[in-house]
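**Q** Sharing model29.tsv here; it has TSV, N, CA and C atoms.
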chain	number	residue	atom	x	y	z
A	21	THR	N	130.68	168.89	209.41
A	21	THR	CA	130.73	170.22	209.99
A	21	THR	C	131.49	170.15	211.30
A	22	VAL	N	132.44	171.06	211.47
A	22	VAL	CA	133.26	171.12	212.69
A	22	VAL	C	133.19	172.54	213.23
A	23	LEU	N	133.04	172.65	214.53
A	23	LEU	CA	133.03	173.94	215.19
A	23	LEU	C	134.31	174.09	215.98
A	24	ASP	N	135.13	175.09	215.62
A	24	ASP	CA	136.34	175.34	216.40
A	24	ASP	C	136.19	176.69	217.11
A	25	ALA	N	137.26	177.21	217.66
A	25	ALA	CA	137.18	178.44	218.45
A	25	ALA	C	136.75	179.65	217.63
A	26	THR	N	137.06	179.67	216.34
A	26	THR	CA	136.78	180.87	215.55
A	26	THR	C	135.83	180.66	214.37
A	27	ASN	N	135.68	179.43	213.90
A	27	ASN	CA	134.89	179.18	212.69
A	27	ASN	C	134.00	177.95	212.81
A	28	LEU	N	132.94	177.97	212.03
A	28	LEU	CA	132.17	176.78	211.73
A	28	LEU	C	132.70	176.31	210.38
A	29	LYS	N	133.29	175.13	210.33
A	29	LYS	CA	133.89	174.62	209.09
A	29	LYS	C	132.92	173.63	208.46
A	30	PHE	N	132.41	174.00	207.29
A	30	PHE	CA	131.48	173.16	206.55
A	30	PHE	C	132.28	172.47	205.45
A	31	THR	N	132.35	171.14	205.49
A	31	THR	CA	133.15	170.37	204.54
A	31	THR	C	132.27	169.34	203.83
A	32	TYR	N	132.47	169.23	202.52
A	32	TYR	CA	131.77	168.18	201.76
A	32	TYR	C	132.63	167.77	200.57
A	33	THR	N	132.30	166.62	200.00
A	33	THR	CA	133.01	166.08	198.84
A	33	THR	C	132.08	166.18	197.63
A	34	ARG	N	132.65	166.60	196.51
A	34	ARG	CA	131.85	166.70	195.30
A	34	ARG	C	132.48	165.89	194.17
A	35	THR	N	131.65	165.46	193.25
A	35	THR	CA	132.13	164.67	192.12
A	35	THR	C	132.67	165.58	191.03
A	36	ALA	N	133.43	165.00	190.13
A	36	ALA	CA	133.99	165.77	189.02
A	36	ALA	C	132.87	166.38	188.16
A	37	ASP	N	131.81	165.61	187.92
A	37	ASP	CA	130.69	166.11	187.11
A	37	ASP	C	130.00	167.30	187.76
A	38	SER	N	129.84	167.26	189.07
A	38	SER	CA	129.11	168.33	189.74
A	38	SER	C	129.88	169.65	189.76
A	39	LYS	N	131.20	169.58	189.62
A	39	LYS	CA	132.01	170.80	189.61
A	39	LYS	C	131.65	171.72	188.45
A	40	THR	N	131.36	171.12	187.31
A	40	THR	CA	131.12	171.91	186.10
A	40	THR	C	129.65	171.97	185.69
A	41	SER	N	128.83	171.07	186.20
A	41	SER	CA	127.44	171.02	185.75
A	41	SER	C	126.44	171.59	186.76
A	42	THR	N	126.92	172.04	187.91
A	42	THR	CA	126.02	172.60	188.91
A	42	THR	C	126.59	173.90	189.49
A	43	THR	N	125.71	174.66	190.10
A	43	THR	CA	126.12	175.81	190.89
A	43	THR	C	125.92	175.41	192.35
A	44	GLN	N	126.99	175.47	193.12
A	44	GLN	CA	126.94	175.05	194.52
A	44	GLN	C	127.12	176.28	195.42
A	45	THR	N	126.22	176.38	196.37
A	45	THR	CA	126.26	177.50	197.30
A	45	THR	C	126.12	176.96	198.72
A	46	VAL	N	127.08	177.30	199.57
A	46	VAL	CA	126.95	177.02	200.99
A	46	VAL	C	126.21	178.21	201.58
A	47	GLN	N	125.22	177.93	202.40
A	47	GLN	CA	124.44	179.01	202.99
A	47	GLN	C	124.51	178.90	204.51
A	48	TRP	N	124.53	180.05	205.18
A	48	TRP	CA	124.52	180.04	206.64
A	48	TRP	C	123.42	180.96	207.15
A	49	SER	N	122.94	180.62	208.35
A	49	SER	CA	121.82	181.35	208.94
A	49	SER	C	121.93	181.31	210.46
A	50	THR	N	121.29	182.26	211.10
A	50	THR	CA	121.20	182.23	212.56
A	50	THR	C	119.77	181.93	213.02
A	51	ASP	N	118.81	181.91	212.06
A	51	ASP	CA	117.41	181.72	212.43
A	51	ASP	C	116.64	180.73	211.54
A	52	LEU	N	117.31	180.11	210.59
A	52	LEU	CA	116.70	179.16	209.64
A	52	LEU	C	115.68	179.81	208.71
A	53	SER	N	115.61	181.14	208.71
A	53	SER	CA	114.70	181.86	207.81
A	53	SER	C	115.47	182.67	206.77
A	54	THR	N	116.47	183.40	207.24
A	54	THR	CA	117.29	184.23	206.35
A	54	THR	C	118.61	183.50	206.10
A	55	TRP	N	118.90	183.24	204.82
A	55	TRP	CA	120.11	182.49	204.47
A	55	TRP	C	121.09	183.39	203.72
A	56	ASN	N	122.35	183.33	204.12
A	56	ASN	CA	123.42	184.13	203.53
A	56	ASN	C	124.28	183.22	202.65
A	57	PRO	N	124.40	183.53	201.36
A	57	PRO	CA	125.09	182.64	200.42
A	57	PRO	C	126.60	182.85	200.37
A	58	ILE	N	127.30	181.74	200.16
A	58	ILE	CA	128.73	181.74	199.84
A	58	ILE	C	128.88	180.84	198.61
A	59	VAL	N	129.13	181.44	197.46
A	59	VAL	CA	129.25	180.66	196.23
A	59	VAL	C	130.56	179.88	196.23
A	60	VAL	N	130.48	178.60	195.92
A	60	VAL	CA	131.64	177.72	195.88
A	60	VAL	C	132.22	177.74	194.47
A	61	PRO	N	133.51	178.02	194.29
A	61	PRO	CA	134.11	178.02	192.96
A	61	PRO	C	133.97	176.66	192.28
A	62	SER	N	133.87	176.66	190.96
A	62	SER	CA	133.63	175.41	190.22
A	62	SER	C	134.87	174.55	190.04
A	63	GLY	N	136.07	175.07	190.27
A	63	GLY	CA	137.29	174.30	190.05
A	63	GLY	C	137.60	173.34	191.18
A	64	ASP	N	138.85	172.90	191.24
A	64	ASP	CA	139.31	172.00	192.29
A	64	ASP	C	139.22	172.70	193.63
A	65	PRO	N	139.25	172.03	194.70
A	65	PRO	CA	139.46	170.61	194.95
A	65	PRO	C	138.16	169.81	195.02
A	66	ASP	N	138.31	168.47	195.15
A	66	ASP	CA	137.15	167.59	195.28
A	66	ASP	C	136.51	167.73	196.65
A	67	THR	N	137.32	167.96	197.67
A	67	THR	CA	136.81	168.20	199.01
A	67	THR	C	136.81	169.70	199.26
A	68	VAL	N	135.64	170.21	199.55
A	68	VAL	CA	135.46	171.66	199.72
A	68	VAL	C	135.27	171.95	201.21
A	69	THR	N	135.98	172.94	201.71
A	69	THR	CA	135.80	173.41	203.09
A	69	THR	C	135.53	174.90	203.06
A	70	ILE	N	134.43	175.29	203.67
A	70	ILE	CA	134.05	176.69	203.77
A	70	ILE	C	134.08	177.07	205.25
A	71	ASP	N	134.79	178.14	205.58
A	71	ASP	CA	134.85	178.64	206.95
A	71	ASP	C	133.85	179.77	207.13
A	72	ILE	N	132.97	179.61	208.11
A	72	ILE	CA	132.00	180.65	208.44
A	72	ILE	C	132.37	181.17	209.82
A	73	PRO	N	132.74	182.43	209.94
A	73	PRO	CA	133.18	182.96	211.23
A	73	PRO	C	132.10	182.85	212.31
A	74	ARG	N	132.51	182.41	213.49
A	74	ARG	CA	131.58	182.30	214.61
A	74	ARG	C	131.08	183.67	215.07
A	75	ALA	N	131.75	184.72	214.64
A	75	ALA	CA	131.28	186.08	214.96
A	75	ALA	C	129.89	186.32	214.40
A	76	ASN	N	129.46	185.51	213.43
A	76	ASN	CA	128.12	185.62	212.85
A	76	ASN	C	127.04	185.00	213.73
A	77	GLU	N	127.44	184.25	214.76
A	77	GLU	CA	126.47	183.60	215.64
A	77	GLU	C	125.52	184.63	216.26
A	78	SER	N	124.30	184.18	216.49
A	78	SER	CA	123.33	184.99	217.21
A	78	SER	C	122.70	184.11	218.28
A	79	GLY	N	122.94	184.44	219.52
A	79	GLY	CA	122.41	183.62	220.60
A	79	GLY	C	123.01	182.23	220.61
A	80	GLY	N	124.25	182.11	220.13
A	80	GLY	CA	124.92	180.82	220.09
A	80	GLY	C	124.45	179.92	218.95
A	81	LYS	N	123.70	180.47	218.01
A	81	LYS	CA	123.16	179.66	216.91
A	81	LYS	C	123.79	180.06	215.58
A	82	LEU	N	124.19	179.04	214.83
A	82	LEU	CA	124.74	179.23	213.49
A	82	LEU	C	124.48	177.94	212.71
A	83	PHE	N	123.72	178.03	211.65
A	83	PHE	CA	123.32	176.87	210.86
A	83	PHE	C	123.93	176.95	209.47
A	84	THR	N	124.14	175.79	208.83
A	84	THR	CA	124.63	175.75	207.45
A	84	THR	C	123.81	174.75	206.64
A	85	ARG	N	123.85	174.96	205.34
A	85	ARG	CA	123.25	173.98	204.40
A	85	ARG	C	123.94	174.16	203.06
A	86	LEU	N	123.81	173.13	202.22
A	86	LEU	CA	124.37	173.15	200.88
A	86	LEU	C	123.22	173.21	199.89
A	87	ASN	N	123.26	174.19	199.00
A	87	ASN	CA	122.23	174.33	197.96
A	87	ASN	C	122.92	174.06	196.62
A	88	VAL	N	122.44	173.06	195.88
A	88	VAL	CA	123.00	172.70	194.59
A	88	VAL	C	121.93	172.83	193.52
A	89	VAL	N	122.27	173.59	192.47
A	89	VAL	CA	121.31	173.82	191.38
A	89	VAL	C	121.95	173.37	190.08
A	90	LYS	N	121.20	172.61	189.31
A	90	LYS	CA	121.67	172.21	187.98
A	90	LYS	C	120.86	172.99	186.96
A	91	PRO	N	121.53	173.93	186.27
A	91	PRO	CA	120.79	174.77	185.32
A	91	PRO	C	120.22	173.99	184.15
I need this file expressed as structure tokens, please.

**A**
Amino acid sequence: TVLDATNLKFTYTRTADSKTSTTQTVQWSTDLSTWNPIVVPSGDPDTVTIDIPRANESGGKLFTRLNVVKP
């Protein structure tokens, strides 16, 4: 995770199997209670970067997590 002037950049690497066999969602929050989902497309690339605008910050706080579900 990298914080720049305008975005919180959440980056992770996924395997070829996980691209097609799981649903991956990056979630962001300002309070660790309410999570806002960003669904990650199942195709390429292997390294995924999601930009979350810092305008979403509340009190200087912005959290991220990766939720992976295998149906």

**Q** Counting only N, CA and C atoms, which residues sit no farther than 8 Å from the position (120.9, 173.9, 197.4) in the file's frame? I'd like them as a PDB file with N, CA and C atoms, in the frame of the given file.

**A**
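This is the output file result_25.pdb:
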ATOM      1  N   THR A  43     125.710 174.660 190.100  1.00  0.00           N
ATOM      2  CA  THR A  43     126.120 175.810 190.890  1.00  0.00           C
ATOM      3  C   THR A  43     125.920 175.410 192.350  1.00  0.00           C
ATOM      4  N   GLN A  44     126.990 175.470 193.120  1.00  0.00           N
ATOM      5  CA  GLN A  44     126.940 175.050 194.520  1.00  0.00           C
ATOM      6  C   GLN A  44     127.120 176.280 195.420  1.00  0.00           C
ATOM      7  N   THR A  45     126.220 176.380 196.370  1.00  0.00           N
ATOM      8  CA  THR A  45     126.260 177.500 197.300  1.00  0.00           C
ATOM      9  C   THR A  45     126.120 176.960 198.720  1.00  0.00           C
ATOM     10  N   VAL A  46     127.080 177.300 199.570  1.00  0.00           N
ATOM     11  CA  VAL A  46     126.950 177.020 200.990  1.00  0.00           C
ATOM     12  C   VAL A  46     126.210 178.210 201.580  1.00  0.00           C
ATOM     13  N   GLN A  47     125.220 177.930 202.400  1.00  0.00           N
ATOM     14  CA  GLN A  47     124.440 179.010 202.990  1.00  0.00           C
ATOM     15  C   GLN A  47     124.510 178.900 204.510  1.00  0.00           C
ATOM     16  N   ARG A  85     123.850 174.960 205.340  1.00  0.00           N
ATOM     17  CA  ARG A  85     123.250 173.980 204.400  1.00  0.00           C
ATOM     18  C   ARG A  85     123.940 174.160 203.060  1.00  0.00           C
ATOM     19  N   LEU A  86     123.810 173.130 202.220  1.00  0.00           N
ATOM     20  CA  LEU A  86     124.370 173.150 200.880  1.00  0.00           C
ATOM     21  C   LEU A  86     123.220 173.210 199.890  1.00  0.00           C
ATOM     22  N   ASN A  87     123.260 174.190 199.000  1.00  0.00           N
ATOM     23  CA  ASN A  87     122.230 174.330 197.960  1.00  0.00           C
ATOM     24  C   ASN A  87     122.920 174.060 196.620  1.00  0.00           C
ATOM     25  N   VAL A  88     122.440 173.060 195.880  1.00  0.00           N
ATOM     26  CA  VAL A  88     123.000 172.700 194.590  1.00  0.00           C
ATOM     27  C   VAL A  88     121.930 172.830 193.520  1.00  0.00           C
ATOM     28  N   VAL A  89     122.270 173.590 192.470  1.00  0.00           N
ATOM     29  CA  VAL A  89     121.310 173.820 191.380  1.00  0.00           C
ATOM     30  C   VAL A  89     121.950 173.370 190.080  1.00  0.00           C
TER      31      VAL A  89
END

**Q** Could you tell me how far CA of Trp55 (chain A) lies from atom N of Thr31 (chain A), in Å and to one decimal?

**A**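 Answer for the CA of Trp55 (chain A) to atom N of Thr31 (chain A) separation: 16.7 Å.
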
**Q** When you draw a straight line from CA of Phe83 (chain A) to CA of Arg34 (chain A), how long is it in Å?

**A** 20.5 Å

**Q** If DSSP is run on the backbone, what residues of chain A are strand (DSSP E)? A reply as a compact mmCIF listing (two decimals) with N, CA and C atoms, in the coordinates of the input would be ideal.

**A**
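Ended up saving to out.txt:
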# COMPACT_ATOMS: atom_id res chain seq x y z
N VAL A 22 132.44 171.06 211.47
CA VAL A 22 133.26 171.12 212.69
C VAL A 22 133.19 172.54 213.23
N LEU A 23 133.04 172.65 214.53
CA LEU A 23 133.03 173.94 215.19
C LEU A 23 134.31 174.09 215.98
N ASN A 27 135.68 179.43 213.90
CA ASN A 27 134.89 179.18 212.69
C ASN A 27 134.00 177.95 212.81
N LEU A 28 132.94 177.97 212.03
CA LEU A 28 132.17 176.78 211.73
C LEU A 28 132.70 176.31 210.38
N LYS A 29 133.29 175.13 210.33
CA LYS A 29 133.89 174.62 209.09
C LYS A 29 132.92 173.63 208.46
N PHE A 30 132.41 174.00 207.29
CA PHE A 30 131.48 173.16 206.55
C PHE A 30 132.28 172.47 205.45
N THR A 31 132.35 171.14 205.49
CA THR A 31 133.15 170.37 204.54
C THR A 31 132.27 169.34 203.83
N TYR A 32 132.47 169.23 202.52
CA TYR A 32 131.77 168.18 201.76
C TYR A 32 132.63 167.77 200.57
N THR A 33 132.30 166.62 200.00
CA THR A 33 133.01 166.08 198.84
C THR A 33 132.08 166.18 197.63
N THR A 43 125.71 174.66 190.10
CA THR A 43 126.12 175.81 190.89
C THR A 43 125.92 175.41 192.35
N GLN A 44 126.99 175.47 193.12
CA GLN A 44 126.94 175.05 194.52
C GLN A 44 127.12 176.28 195.42
N THR A 45 126.22 176.38 196.37
CA THR A 45 126.26 177.50 197.30
C THR A 45 126.12 176.96 198.72
N VAL A 46 127.08 177.30 199.57
CA VAL A 46 126.95 177.02 200.99
C VAL A 46 126.21 178.21 201.58
N GLN A 47 125.22 177.93 202.40
CA GLN A 47 124.44 179.01 202.99
C GLN A 47 124.51 178.90 204.51
N TRP A 48 124.53 180.05 205.18
CA TRP A 48 124.52 180.04 206.64
C TRP A 48 123.42 180.96 207.15
N SER A 49 122.94 180.62 208.35
CA SER A 49 121.82 181.35 208.94
C SER A 49 121.93 181.31 210.46
N ASN A 56 122.35 183.33 204.12
CA ASN A 56 123.42 184.13 203.53
C ASN A 56 124.28 183.22 202.65
N PRO A 57 124.40 183.53 201.36
CA PRO A 57 125.09 182.64 200.42
C PRO A 57 126.60 182.85 200.37
N ILE A 58 127.30 181.74 200.16
CA ILE A 58 128.73 181.74 199.84
C ILE A 58 128.88 180.84 198.61
N VAL A 59 129.13 181.44 197.46
CA VAL A 59 129.25 180.66 196.23
C VAL A 59 130.56 179.88 196.23
N THR A 67 137.32 167.96 197.67
CA THR A 67 136.81 168.20 199.01
C THR A 67 136.81 169.70 199.26
N VAL A 68 135.64 170.21 199.55
CA VAL A 68 135.46 171.66 199.72
C VAL A 68 135.27 171.95 201.21
N THR A 69 135.98 172.94 201.71
CA THR A 69 135.80 173.41 203.09
C THR A 69 135.53 174.90 203.06
N ILE A 70 134.43 175.29 203.67
CA ILE A 70 134.05 176.69 203.77
C ILE A 70 134.08 177.07 205.25
N ASP A 71 134.79 178.14 205.58
CA ASP A 71 134.85 178.64 206.95
C ASP A 71 133.85 179.77 207.13
N ILE A 72 132.97 179.61 208.11
CA ILE A 72 132.00 180.65 208.44
C ILE A 72 132.37 181.17 209.82
N PRO A 73 132.74 182.43 209.94
CA PRO A 73 133.18 182.96 211.23
C PRO A 73 132.10 182.85 212.31
N PHE A 83 123.72 178.03 211.65
CA PHE A 83 123.32 176.87 210.86
C PHE A 83 123.93 176.95 209.47
N THR A 84 124.14 175.79 208.83
CA THR A 84 124.63 175.75 207.45
C THR A 84 123.81 174.75 206.64
N ARG A 85 123.85 174.96 205.34
CA ARG A 85 123.25 173.98 204.40
C ARG A 85 123.94 174.16 203.06
N LEU A 86 123.81 173.13 202.22
CA LEU A 86 124.37 173.15 200.88
C LEU A 86 123.22 173.21 199.89
N ASN A 87 123.26 174.19 199.00
CA ASN A 87 122.23 174.33 197.96
C ASN A 87 122.92 174.06 196.62
N VAL A 88 122.44 173.06 195.88
CA VAL A 88 123.00 172.70 194.59
C VAL A 88 121.93 172.83 193.52
N VAL A 89 122.27 173.59 192.47
CA VAL A 89 121.31 173.82 191.38
C VAL A 89 121.95 173.37 190.08

**Q** Which one of A:Pro57, A:Tyr32, A:Lys39, A:Ser49 sits closest to Gly79 (chain A) if you count only C-alpha atoms?

**A**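 Closest to Gly79 (chain A) of all the choices is A:Ser49.
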
**Q** Suppose you want the space between atom N of Lys81 (chain A) and atom C of Thr33 (chain A); what is it in Å?

**A** 26.3 Å

**Q** Using all atoms listed in the file, which of the listed residues (A:Leu52, A:Ile58, A:Val68, A:Ala75) sits closest to Asn27 (chain A)?

**A**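 For Asn27 (chain A), the nearest of the given residues is A:Ala75.
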
**Q** Between A:Thr84, A:Thr21, A:Thr40, A:Thr26, which one has atoms that come closest to Ser62 (chain A), using only N, CA and C atoms?

**A**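 Answer, going by the shortest atom-to-atom distance: A:Thr40.
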
**Q** Which one is closest to Ala36 (chain A): A:Glu77, A:Asp51, A:Asp24, A:Asp66? Count all atoms listed in the file.

**A**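 So, comparing all the options, the nearest one is A:Asp66.
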
**Q** I need the residues in region 34-85 of chain A that are helix (DSSP H, G or I) according to DSSP; give them as a CSV table (one decimal) with N, CA and C atoms, in the frame of the given file.

**A**
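This is the output file selection-v2.csv:
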chain,number,residue,atom,x,y,z
A,36,ALA,N,133.4,165.0,190.1
A,36,ALA,CA,134.0,165.8,189.0
A,36,ALA,C,132.9,166.4,188.2
A,37,ASP,N,131.8,165.6,187.9
A,37,ASP,CA,130.7,166.1,187.1
A,37,ASP,C,130.0,167.3,187.8
A,38,SER,N,129.8,167.3,189.1
A,38,SER,CA,129.1,168.3,189.7
A,38,SER,C,129.9,169.6,189.8
A,39,LYS,N,131.2,169.6,189.6
A,39,LYS,CA,132.0,170.8,189.6
A,39,LYS,C,131.6,171.7,188.4
A,40,THR,N,131.4,171.1,187.3
A,40,THR,CA,131.1,171.9,186.1
A,40,THR,C,129.6,172.0,185.7
A,41,SER,N,128.8,171.1,186.2
A,41,SER,CA,127.4,171.0,185.8
A,41,SER,C,126.4,171.6,186.8
A,74,ARG,N,132.5,182.4,213.5
A,74,ARG,CA,131.6,182.3,214.6
A,74,ARG,C,131.1,183.7,215.1
A,75,ALA,N,131.8,184.7,214.6
A,75,ALA,CA,131.3,186.1,215.0
A,75,ALA,C,129.9,186.3,214.4
A,76,ASN,N,129.5,185.5,213.4
A,76,ASN,CA,128.1,185.6,212.8
A,76,ASN,C,127.0,185.0,213.7

**Q** Which is closer to Gly80 (chain A) than all the others in A:Thr50, A:Thr67, A:Leu28, A:Val60, using only N, CA and C atoms?

**A**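 Between A:Thr50, A:Thr67, A:Leu28, A:Val60, the residue approaching Gly80 (chain A) most closely is A:Thr50.
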
**Q** Quick one: axis-aligned box around all listed atoms of region 68-75 of chain A, 5 Å on every side, centre and edge lengths in Å to one decimal, written as JSON.

**A**
{"center_x": 132.9, "center_y": 178.3, "center_z": 207.3, "size_x": 16.1, "size_y": 26.1, "size_z": 25.5}
